[in-house]
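One structure is given here, and the rest of the page talks about it.
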Amino acid sequence: MGWFVSDNNYPYGPCVSGCITELPAGQSKWQIRLPDLAANSIGAGPFVTTDDSLLFWTALSGRFNYIETVPAGRHYPARVNQLSPNLFTTGGNPSLALSGDGSEFWMTVTGLGGPLGTSVYGVNYPGGDIATTFAVDSPDDLIFIMGIGVSPSYLP
Amino acid sequence: MNKRMNSMTNRSRLAQLSCLLLVAILSALATAQARPKSTLNHRHLPHIPFARAASAPWVAPRVQTSEDQLVYVTYVLSLTSGGTNIYDIAPGGPELVGVLDVGGGGPVAVDSQENVYVIQTNLDGNLYQLDAAVYRYARGSSEGTKLFDAPNIGAEAMTVAADGTVYIARPGTGFERLCGREVLAARLFRPGSSRRLGRRLPDRHLARSEW
(Lines give C-alpha, C1' and ligand atoms only; values in the text may rest on other atoms or scores of the structure.)
Protein backbone atom coordinates (compact mmCIF):
# COMPACT_ATOMS: atom_id res chain seq x y z
CA MET A 1 0.00 0.00 0.00
CA GLY A 2 1.40 3.40 -0.87
CA TRP A 3 0.52 6.84 -1.93
CA PHE A 4 1.77 9.50 -4.26
CA VAL A 5 1.25 12.97 -5.56
CA SER A 6 2.13 14.00 -9.08
CA ASP A 7 1.73 16.67 -11.65
CA ASN A 8 -0.51 16.32 -14.66
CA ASN A 9 0.55 13.96 -17.43
CA TYR A 10 1.62 11.42 -14.89
CA PRO A 11 2.23 8.16 -16.74
CA TYR A 12 0.06 6.16 -14.36
CA GLY A 13 -2.83 8.59 -14.49
CA PRO A 14 -3.57 11.98 -13.01
CA CYS A 15 -3.01 12.36 -9.31
CA VAL A 16 -2.68 16.04 -8.65
CA SER A 17 -3.54 16.14 -4.97
CA GLY A 18 -2.97 12.65 -3.63
CA CYS A 19 -3.85 9.06 -4.46
CA ILE A 20 -3.54 5.84 -2.51
CA THR A 21 -2.43 2.83 -4.48
CA GLU A 22 -2.28 -0.81 -3.61
CA LEU A 23 -0.26 -3.77 -4.84
CA PRO A 24 -2.45 -6.82 -4.21
CA ALA A 25 -0.61 -9.83 -2.84
CA GLY A 26 0.93 -11.94 -5.58
CA GLN A 27 0.30 -9.36 -8.28
CA SER A 28 2.68 -7.10 -10.12
CA LYS A 29 0.48 -4.13 -10.93
CA TRP A 30 -0.39 -1.31 -8.61
CA GLN A 31 -4.05 -0.39 -8.46
CA ILE A 32 -5.60 2.92 -7.54
CA ARG A 33 -7.35 2.39 -4.23
CA LEU A 34 -8.28 6.00 -3.62
CA PRO A 35 -8.31 8.23 -6.69
CA ASP A 36 -7.08 11.77 -7.01
CA LEU A 37 -8.49 14.27 -4.52
CA ALA A 38 -9.82 11.58 -2.21
CA ALA A 39 -6.51 11.64 -0.34
CA ASN A 40 -5.90 15.34 -0.77
CA SER A 41 -2.66 16.52 0.90
CA ILE A 42 -1.89 13.11 2.36
CA GLY A 43 1.16 13.35 4.56
CA ALA A 44 1.54 10.00 6.29
CA GLY A 45 0.05 6.54 6.30
CA PRO A 46 -1.96 4.85 5.00
CA PHE A 47 -2.67 2.04 7.43
CA VAL A 48 -5.00 -0.72 6.32
CA THR A 49 -7.11 -2.05 9.17
CA THR A 50 -8.56 -5.52 9.62
CA ASP A 51 -11.87 -4.36 8.12
CA ASP A 52 -9.98 -3.02 5.09
CA SER A 53 -10.47 0.62 5.98
CA LEU A 54 -7.71 3.12 5.25
CA LEU A 55 -6.38 5.46 7.92
CA PHE A 56 -4.13 8.34 6.96
CA TRP A 57 -3.02 11.80 7.98
CA THR A 58 -3.60 14.75 5.72
CA ALA A 59 -1.76 17.92 6.60
CA LEU A 60 -0.81 21.39 5.51
CA SER A 61 1.34 23.10 8.09
CA GLY A 62 -0.52 25.98 9.74
CA ARG A 63 -3.71 25.20 7.78
CA PHE A 64 -5.03 21.80 8.80
CA ASN A 65 -4.30 18.38 10.27
CA TYR A 66 -6.84 15.61 9.73
CA ILE A 67 -6.90 11.91 10.50
CA GLU A 68 -9.14 10.39 7.87
CA THR A 69 -10.85 7.00 7.86
CA VAL A 70 -12.05 5.70 4.51
CA PRO A 71 -14.00 2.43 4.63
CA ALA A 72 -13.45 -0.32 2.09
CA GLY A 73 -15.15 0.31 -1.22
CA ARG A 74 -15.60 4.02 -0.65
CA HIS A 75 -13.73 7.03 -1.96
CA TYR A 76 -14.65 9.45 0.78
CA PRO A 77 -14.04 9.36 4.51
CA ALA A 78 -16.53 8.02 7.00
CA ARG A 79 -14.67 9.82 9.75
CA VAL A 80 -12.45 12.89 9.89
CA ASN A 81 -10.67 13.76 13.13
CA GLN A 82 -9.72 17.40 13.04
CA LEU A 83 -6.57 18.28 14.95
CA SER A 84 -5.09 21.70 15.53
CA PRO A 85 -3.47 23.11 12.38
CA ASN A 86 -0.61 24.36 14.54
CA LEU A 87 0.70 21.05 15.87
CA PHE A 88 3.87 21.35 13.79
CA THR A 89 4.51 24.91 12.76
CA THR A 90 7.97 24.16 11.37
CA GLY A 91 6.56 22.15 8.48
CA GLY A 92 8.48 18.97 7.81
CA ASN A 93 7.29 15.59 6.67
CA PRO A 94 4.57 14.04 8.79
CA SER A 95 5.39 10.63 10.21
CA LEU A 96 2.86 8.35 11.81
CA ALA A 97 2.76 5.10 13.78
CA LEU A 98 -0.30 3.15 14.89
CA SER A 99 -0.36 1.26 18.17
CA GLY A 100 -0.84 -2.50 18.28
CA ASP A 101 -4.51 -2.38 19.23
CA GLY A 102 -5.23 0.41 16.76
CA SER A 103 -6.34 2.76 19.51
CA GLU A 104 -3.63 5.40 19.33
CA PHE A 105 -1.66 7.25 16.68
CA TRP A 106 1.82 8.60 17.35
CA MET A 107 2.65 11.61 15.25
CA THR A 108 5.69 13.78 14.65
CA VAL A 109 7.48 15.44 11.75
CA THR A 110 10.77 14.49 10.16
CA GLY A 111 13.49 16.10 8.08
CA LEU A 112 14.51 19.72 8.37
CA GLY A 113 11.13 20.56 9.91
CA GLY A 114 11.80 18.15 12.78
CA PRO A 115 14.74 19.59 14.74
CA LEU A 116 15.68 19.14 18.39
CA GLY A 117 12.67 19.96 20.57
CA THR A 118 10.06 18.75 18.08
CA SER A 119 6.92 17.40 19.73
CA VAL A 120 5.52 13.91 19.56
CA TYR A 121 1.76 13.54 19.98
CA GLY A 122 -0.19 10.48 21.02
CA VAL A 123 -3.68 10.82 19.55
CA ASN A 124 -6.52 8.56 20.60
CA TYR A 125 -8.32 6.76 17.81
CA PRO A 126 -11.13 6.97 16.91
CA GLY A 127 -11.70 9.79 19.39
CA GLY A 128 -9.12 12.14 17.90
CA ASP A 129 -8.11 13.81 21.18
CA ILE A 130 -4.46 14.28 22.09
CA ALA A 131 -3.72 11.99 25.04
CA THR A 132 0.05 12.38 25.32
CA THR A 133 2.61 14.97 24.33
CA PHE A 134 6.34 15.07 24.80
CA ALA A 135 9.29 16.83 23.20
CA VAL A 136 12.29 15.09 21.69
CA ASP A 137 14.85 17.16 23.55
CA SER A 138 17.88 14.88 23.56
CA PRO A 139 20.60 14.32 22.59
CA ASP A 140 21.75 17.93 22.40
CA ASP A 141 23.42 17.34 19.04
CA LEU A 142 20.30 15.90 17.38
CA ILE A 143 19.99 17.57 13.98
CA PHE A 144 16.60 16.32 12.88
CA ILE A 145 14.17 13.47 13.38
CA MET A 146 13.89 10.80 10.68
CA GLY A 147 11.12 8.53 11.83
CA ILE A 148 8.79 7.27 14.54
CA GLY A 149 7.64 3.80 15.55
CA VAL A 150 5.56 2.28 18.28
CA SER A 151 5.81 -1.08 20.02
CA PRO A 152 3.64 -3.07 19.88
CA SER A 153 2.80 -1.93 16.40
CA TYR A 154 -0.40 -2.42 14.43
CA LEU A 155 -0.17 -5.47 12.21
CA PRO A 156 -3.55 -6.35 10.69
CA MET B 1 47.51 13.18 -53.61
CA ASN B 2 49.22 13.70 -50.23
CA LYS B 3 46.89 16.59 -49.52
CA ARG B 4 43.88 14.37 -50.21
CA MET B 5 45.20 11.61 -47.95
CA ASN B 6 45.88 14.11 -45.16
CA SER B 7 42.36 15.43 -45.50
CA MET B 8 40.94 11.87 -45.24
CA THR B 9 43.09 11.16 -42.16
CA ASN B 10 41.89 14.34 -40.52
CA ARG B 11 38.28 13.45 -41.23
CA SER B 12 38.82 9.99 -39.78
CA ARG B 13 40.36 11.47 -36.61
CA LEU B 14 37.52 13.95 -36.36
CA ALA B 15 35.01 11.11 -36.61
CA GLN B 16 36.85 9.18 -33.89
CA LEU B 17 36.92 12.24 -31.66
CA SER B 18 33.20 12.82 -32.24
CA CYS B 19 32.47 9.24 -31.26
CA LEU B 20 34.54 9.56 -28.12
CA LEU B 21 32.81 12.83 -27.25
CA LEU B 22 29.38 11.26 -27.81
CA VAL B 23 30.26 8.29 -25.60
CA ALA B 24 31.54 10.64 -22.89
CA ILE B 25 28.34 12.73 -23.00
CA LEU B 26 26.11 9.66 -22.90
CA SER B 27 28.11 8.21 -19.99
CA ALA B 28 27.81 11.46 -18.08
CA LEU B 29 24.08 11.57 -18.69
CA ALA B 30 23.66 7.96 -17.61
CA THR B 31 25.64 8.60 -14.43
CA ALA B 32 23.64 11.70 -13.66
CA GLN B 33 20.39 9.79 -13.96
CA ALA B 34 21.51 6.63 -12.21
CA ARG B 35 20.67 7.84 -8.76
CA PRO B 36 17.54 9.67 -7.73
CA LYS B 37 18.12 13.18 -6.57
CA SER B 38 17.04 14.45 -3.22
CA THR B 39 14.23 16.97 -3.30
CA LEU B 40 15.91 18.86 -0.51
CA ASN B 41 15.64 22.61 -0.60
CA HIS B 42 19.29 23.68 -0.38
CA ARG B 43 18.43 27.20 0.72
CA HIS B 44 17.52 25.85 4.13
CA LEU B 45 20.23 23.23 4.43
CA PRO B 46 21.83 23.42 7.88
CA HIS B 47 25.46 22.62 8.45
CA ILE B 48 25.69 18.92 9.11
CA PRO B 49 29.04 17.44 10.15
CA PHE B 50 30.32 14.46 8.20
CA ALA B 51 30.84 12.35 11.30
CA ARG B 52 29.96 12.59 14.95
CA ALA B 53 30.02 9.78 17.45
CA ALA B 54 26.71 8.69 18.88
CA SER B 55 26.54 8.32 22.64
CA ALA B 56 26.93 4.85 24.12
CA PRO B 57 23.76 2.76 23.77
CA TRP B 58 21.75 1.92 26.85
CA VAL B 59 18.32 0.58 27.71
CA ALA B 60 16.79 0.53 31.18
CA PRO B 61 16.49 -3.10 32.39
CA ARG B 62 12.79 -2.72 33.18
CA VAL B 63 11.96 -2.29 29.48
CA GLN B 64 12.47 -5.99 28.86
CA THR B 65 9.85 -7.06 31.38
CA SER B 66 7.50 -4.10 31.18
CA GLU B 67 4.39 -4.30 29.05
CA ASP B 68 4.24 -0.55 28.57
CA GLN B 69 3.95 0.85 25.11
CA LEU B 70 7.27 2.05 23.67
CA VAL B 71 7.72 4.87 21.20
CA TYR B 72 10.88 4.97 19.07
CA VAL B 73 12.14 8.21 17.58
CA THR B 74 15.09 7.96 15.20
CA TYR B 75 17.29 10.92 14.28
CA VAL B 76 20.36 12.19 12.45
CA LEU B 77 23.51 13.32 14.28
CA SER B 78 25.76 13.71 11.25
CA LEU B 79 25.89 12.54 7.65
CA THR B 80 27.18 9.17 8.83
CA SER B 81 25.73 8.71 12.29
CA GLY B 82 22.41 8.73 14.04
CA GLY B 83 20.54 7.22 16.90
CA THR B 84 17.19 6.16 18.22
CA ASN B 85 15.50 7.27 21.44
CA ILE B 86 13.22 4.85 23.27
CA TYR B 87 10.36 6.34 25.28
CA ASP B 88 8.32 4.34 27.75
CA ILE B 89 4.71 5.50 27.67
CA ALA B 90 4.26 4.81 31.35
CA PRO B 91 1.10 5.70 33.32
CA GLY B 92 3.04 8.55 34.94
CA GLY B 93 3.97 10.03 31.57
CA PRO B 94 6.51 9.39 28.81
CA GLU B 95 10.04 8.73 29.96
CA LEU B 96 13.29 8.25 28.03
CA VAL B 97 14.33 4.68 28.84
CA GLY B 98 17.00 4.01 26.27
CA VAL B 99 19.12 5.14 23.38
CA LEU B 100 20.35 3.05 20.45
CA ASP B 101 23.50 4.16 18.66
CA VAL B 102 22.05 3.22 15.28
CA GLY B 103 19.30 5.03 13.41
CA GLY B 104 18.48 8.14 11.50
CA GLY B 105 18.77 6.48 8.11
CA GLY B 106 15.05 6.33 7.60
CA PRO B 107 11.98 5.26 9.46
CA VAL B 108 11.47 2.77 12.26
CA ALA B 109 9.57 -0.50 11.94
CA VAL B 110 8.41 -2.92 14.62
CA ASP B 111 7.47 -6.56 13.99
CA SER B 112 4.99 -8.81 15.74
CA GLN B 113 7.66 -9.96 18.25
CA GLU B 114 8.31 -6.32 19.18
CA ASN B 115 11.74 -6.35 17.56
CA VAL B 116 12.58 -2.91 16.26
CA TYR B 117 14.23 -2.29 12.88
CA VAL B 118 16.31 0.82 12.24
CA ILE B 119 18.57 2.00 9.42
CA GLN B 120 21.95 3.56 10.04
CA THR B 121 22.43 7.10 8.74
CA ASN B 122 24.51 7.28 5.58
CA LEU B 123 23.62 10.52 3.85
CA ASP B 124 25.31 12.37 1.04
CA GLY B 125 25.59 16.17 0.92
CA ASN B 126 22.07 16.41 -0.49
CA LEU B 127 20.72 14.33 2.40
CA TYR B 128 20.08 11.41 0.10
CA GLN B 129 20.35 8.16 2.03
CA LEU B 130 23.05 6.04 0.41
CA ASP B 131 23.52 2.50 1.68
CA ALA B 132 20.76 1.22 3.93
CA ALA B 133 22.23 -0.96 6.65
CA VAL B 134 19.27 -2.43 8.51
CA TYR B 135 19.65 -3.44 12.16
CA ARG B 136 17.24 -5.37 14.36
CA TYR B 137 17.03 -4.96 18.13
CA ALA B 138 15.06 -7.16 20.48
CA ARG B 139 12.79 -5.25 22.86
CA GLY B 140 14.86 -4.00 25.75
CA SER B 141 18.21 -4.75 24.14
CA SER B 142 20.89 -2.19 23.31
CA GLU B 143 22.76 -4.64 21.10
CA GLY B 144 21.51 -4.89 17.56
CA THR B 145 22.06 -7.37 14.78
CA LYS B 146 22.88 -6.15 11.31
CA LEU B 147 20.50 -7.95 8.98
CA PHE B 148 21.61 -6.73 5.59
CA ASP B 149 22.93 -3.75 3.69
CA ALA B 150 21.08 -2.43 0.67
CA PRO B 151 23.57 -0.31 -1.27
CA ASN B 152 22.43 2.94 -2.83
CA ILE B 153 18.77 2.24 -2.21
CA GLY B 154 17.88 5.66 -0.81
CA ALA B 155 15.64 4.22 1.87
CA GLU B 156 12.66 6.47 2.55
CA ALA B 157 10.19 4.17 4.21
CA MET B 158 10.27 0.74 5.78
CA THR B 159 7.76 -1.70 7.15
CA VAL B 160 7.88 -5.27 8.39
CA ALA B 161 5.15 -7.74 7.54
CA ALA B 162 3.78 -10.18 10.08
CA ASP B 163 6.00 -12.93 8.58
CA GLY B 164 9.12 -10.84 9.17
CA THR B 165 9.59 -9.74 5.60
CA VAL B 166 11.15 -6.28 5.46
CA TYR B 167 9.94 -3.89 2.81
CA ILE B 168 11.99 -0.80 2.04
CA ALA B 169 10.77 1.97 -0.18
CA ARG B 170 13.10 4.17 -2.13
CA PRO B 171 12.86 7.24 -4.33
CA GLY B 172 12.26 6.44 -7.97
CA THR B 173 13.99 8.15 -10.81
CA GLY B 174 11.41 8.38 -13.57
CA PHE B 175 8.63 9.80 -11.50
CA GLU B 176 10.89 12.18 -9.73
CA ARG B 177 11.94 13.70 -13.00
CA LEU B 178 8.34 14.07 -14.05
CA CYS B 179 6.84 15.42 -10.92
CA GLY B 180 9.76 16.82 -8.96
CA ARG B 181 8.96 14.70 -5.98
CA GLU B 182 10.17 11.42 -4.67
CA VAL B 183 8.28 8.34 -5.59
CA LEU B 184 9.10 5.08 -4.01
CA ALA B 185 9.59 1.62 -5.24
CA ALA B 186 10.01 -1.25 -2.88
CA ARG B 187 12.45 -4.05 -2.37
CA LEU B 188 11.88 -7.23 -0.54
CA PHE B 189 14.00 -8.94 2.08
CA ARG B 190 13.19 -12.37 3.36
CA PRO B 191 13.60 -13.10 7.07
CA GLY B 192 16.87 -14.86 7.79
CA SER B 193 18.40 -13.74 4.53
CA SER B 194 21.61 -11.79 4.82
CA ARG B 195 21.42 -10.31 1.37
CA ARG B 196 18.98 -8.52 -0.78
CA LEU B 197 16.87 -10.75 -2.94
CA GLY B 198 16.84 -8.17 -5.65
CA ARG B 199 13.16 -8.48 -6.30
CA ARG B 200 11.84 -5.09 -7.13
CA LEU B 201 8.19 -4.29 -6.88
CA PRO B 202 6.73 -1.97 -9.48
CA ASP B 203 7.35 1.71 -8.88
CA ARG B 204 4.79 3.41 -6.75
CA HIS B 205 4.58 4.68 -3.20
CA LEU B 206 5.59 8.10 -2.17
CA ALA B 207 6.82 9.46 1.05
CA ARG B 208 8.31 12.85 1.11
CA SER B 209 7.14 16.00 -0.53
CA GLU B 210 9.59 18.27 1.24
CA TRP B 211 12.38 18.15 3.76
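By order in the C-alpha coordinates, chains are A, B, ...; within a chain, residues start at 1; ligands start at 1, following the order shown.
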Chain A contacts to chain B at 7 Å (only C-alpha atoms) as an MDAnalysis selection string: chainID A and resid 2:4 6:7 28:29 92:93 111:113 134 141:153 155
Saved selection, atoms kept: N, CA, C and O atoms, as a short mmCIF file (atom, residue, chain, number, x, y, z; two decimals), in the first residue's frame:
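Saved as again.cif:
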```cif
data_model
loop_
_atom_site.label_atom_id
_atom_site.label_comp_id
_atom_site.auth_asym_id
_atom_site.auth_seq_id
_atom_site.Cartn_x
_atom_site.Cartn_y
_atom_site.Cartn_z
N GLY A 2 0.60 2.18 -0.83
CA GLY A 2 1.40 3.40 -0.87
C GLY A 2 0.59 4.57 -1.35
O GLY A 2 -0.60 4.45 -1.60
N TRP A 3 1.24 5.66 -1.45
CA TRP A 3 0.52 6.84 -1.93
C TRP A 3 1.47 7.73 -2.71
O TRP A 3 2.68 7.63 -2.58
N PHE A 4 0.92 8.60 -3.52
CA PHE A 4 1.77 9.50 -4.26
C PHE A 4 1.01 10.74 -4.67
O PHE A 4 -0.21 10.78 -4.67
N SER A 6 1.39 13.73 -7.85
CA SER A 6 2.13 14.00 -9.08
C SER A 6 1.55 15.22 -9.78
O SER A 6 0.49 15.71 -9.44
N ASP A 7 2.27 15.64 -10.79
CA ASP A 7 1.73 16.67 -11.65
C ASP A 7 0.82 16.03 -12.69
O ASP A 7 0.66 14.82 -12.73
N SER A 28 1.56 -7.96 -9.77
CA SER A 28 2.68 -7.10 -10.12
C SER A 28 2.23 -5.73 -10.60
O SER A 28 3.02 -4.97 -11.14
N LYS A 29 0.97 -5.42 -10.43
CA LYS A 29 0.48 -4.13 -10.93
C LYS A 29 -0.21 -3.38 -9.81
O LYS A 29 -1.11 -3.90 -9.15
N GLY A 92 7.89 20.31 7.71
CA GLY A 92 8.48 18.97 7.81
C GLY A 92 7.56 17.92 7.23
O GLY A 92 6.44 18.20 6.79
N ASN A 93 8.05 16.71 7.22
CA ASN A 93 7.29 15.59 6.67
C ASN A 93 6.58 14.85 7.78
O ASN A 93 7.25 14.31 8.67
N GLY A 111 12.74 15.26 9.00
CA GLY A 111 13.49 16.10 8.08
C GLY A 111 13.80 17.46 8.70
O GLY A 111 13.78 17.62 9.92
N LEU A 112 14.07 18.42 7.86
CA LEU A 112 14.51 19.72 8.37
C LEU A 112 13.44 20.41 9.21
O LEU A 112 13.76 21.29 10.00
N GLY A 113 12.20 20.00 9.08
CA GLY A 113 11.13 20.56 9.91
C GLY A 113 11.00 19.86 11.25
O GLY A 113 10.09 20.18 12.03
N PHE A 134 5.00 14.86 24.25
CA PHE A 134 6.34 15.07 24.80
C PHE A 134 7.25 15.60 23.71
O PHE A 134 6.96 15.46 22.52
N ASP A 141 22.91 17.16 20.40
CA ASP A 141 23.42 17.34 19.04
C ASP A 141 22.52 16.70 17.98
O ASP A 141 22.94 16.52 16.84
N LEU A 142 21.27 16.40 18.36
CA LEU A 142 20.30 15.90 17.38
C LEU A 142 20.08 16.96 16.31
O LEU A 142 19.82 18.13 16.64
N ILE A 143 20.17 16.58 15.06
CA ILE A 143 19.99 17.57 13.98
C ILE A 143 18.55 17.57 13.50
O ILE A 143 17.90 18.60 13.46
N PHE A 144 18.04 16.40 13.15
CA PHE A 144 16.60 16.32 12.88
C PHE A 144 16.12 14.88 12.99
O PHE A 144 16.88 13.93 12.89
N ILE A 145 14.82 14.77 13.21
CA ILE A 145 14.17 13.47 13.38
C ILE A 145 13.98 12.83 12.00
O ILE A 145 13.73 13.54 11.01
N MET A 146 14.09 11.49 11.96
CA MET A 146 13.89 10.80 10.68
C MET A 146 12.71 9.82 10.69
O MET A 146 12.27 9.39 9.62
N GLY A 147 12.22 9.47 11.86
CA GLY A 147 11.12 8.53 11.83
C GLY A 147 10.58 8.23 13.22
O GLY A 147 11.24 8.55 14.24
N ILE A 148 9.40 7.63 13.26
CA ILE A 148 8.79 7.27 14.54
C ILE A 148 8.20 5.87 14.42
O ILE A 148 7.73 5.47 13.34
N GLY A 149 8.24 5.13 15.51
CA GLY A 149 7.64 3.80 15.55
C GLY A 149 7.06 3.56 16.90
O GLY A 149 7.41 4.24 17.87
N VAL A 150 6.17 2.61 17.00
CA VAL A 150 5.56 2.28 18.28
C VAL A 150 5.58 0.75 18.45
O VAL A 150 5.46 0.01 17.48
N SER A 151 5.76 0.36 19.70
CA SER A 151 5.81 -1.08 20.02
C SER A 151 4.88 -1.36 21.20
O SER A 151 5.02 -0.70 22.23
N PRO A 152 3.95 -2.29 21.08
CA PRO A 152 3.64 -3.07 19.88
C PRO A 152 3.03 -2.21 18.79
O PRO A 152 2.41 -1.20 19.06
N SER A 153 3.23 -2.68 17.58
CA SER A 153 2.80 -1.93 16.40
C SER A 153 1.62 -2.63 15.74
O SER A 153 1.48 -3.84 15.86
N LEU A 155 -0.40 -4.53 13.32
CA LEU A 155 -0.17 -5.47 12.21
C LEU A 155 -1.48 -6.18 11.94
O LEU A 155 -1.85 -7.10 12.66
#
```
Residues flagged strand (DSSP E) by DSSP in chain A, as a ChimeraX atom specification: /A:2-4,19-22,31-34,42-48,54-60,64-70,79-83,93-98,104-110,119-124,130-135,144-151
Nearest to Thr159 (chain B), chosen from B:Glu143, B:Ile119, B:Gly92, B:Gln64, with only C-alpha atoms counted in the distances: B:Ile119
Selected residue, from A:Gly100, A:Gly127, A:Tyr121, A:Trp106, that lies nearest to Val80 (chain A) when counting only C-alpha atoms: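 Among A:Gly100, A:Gly127, A:Tyr121, A:Trp106, it is A:Gly127 that comes nearest to Val80 (chain A).
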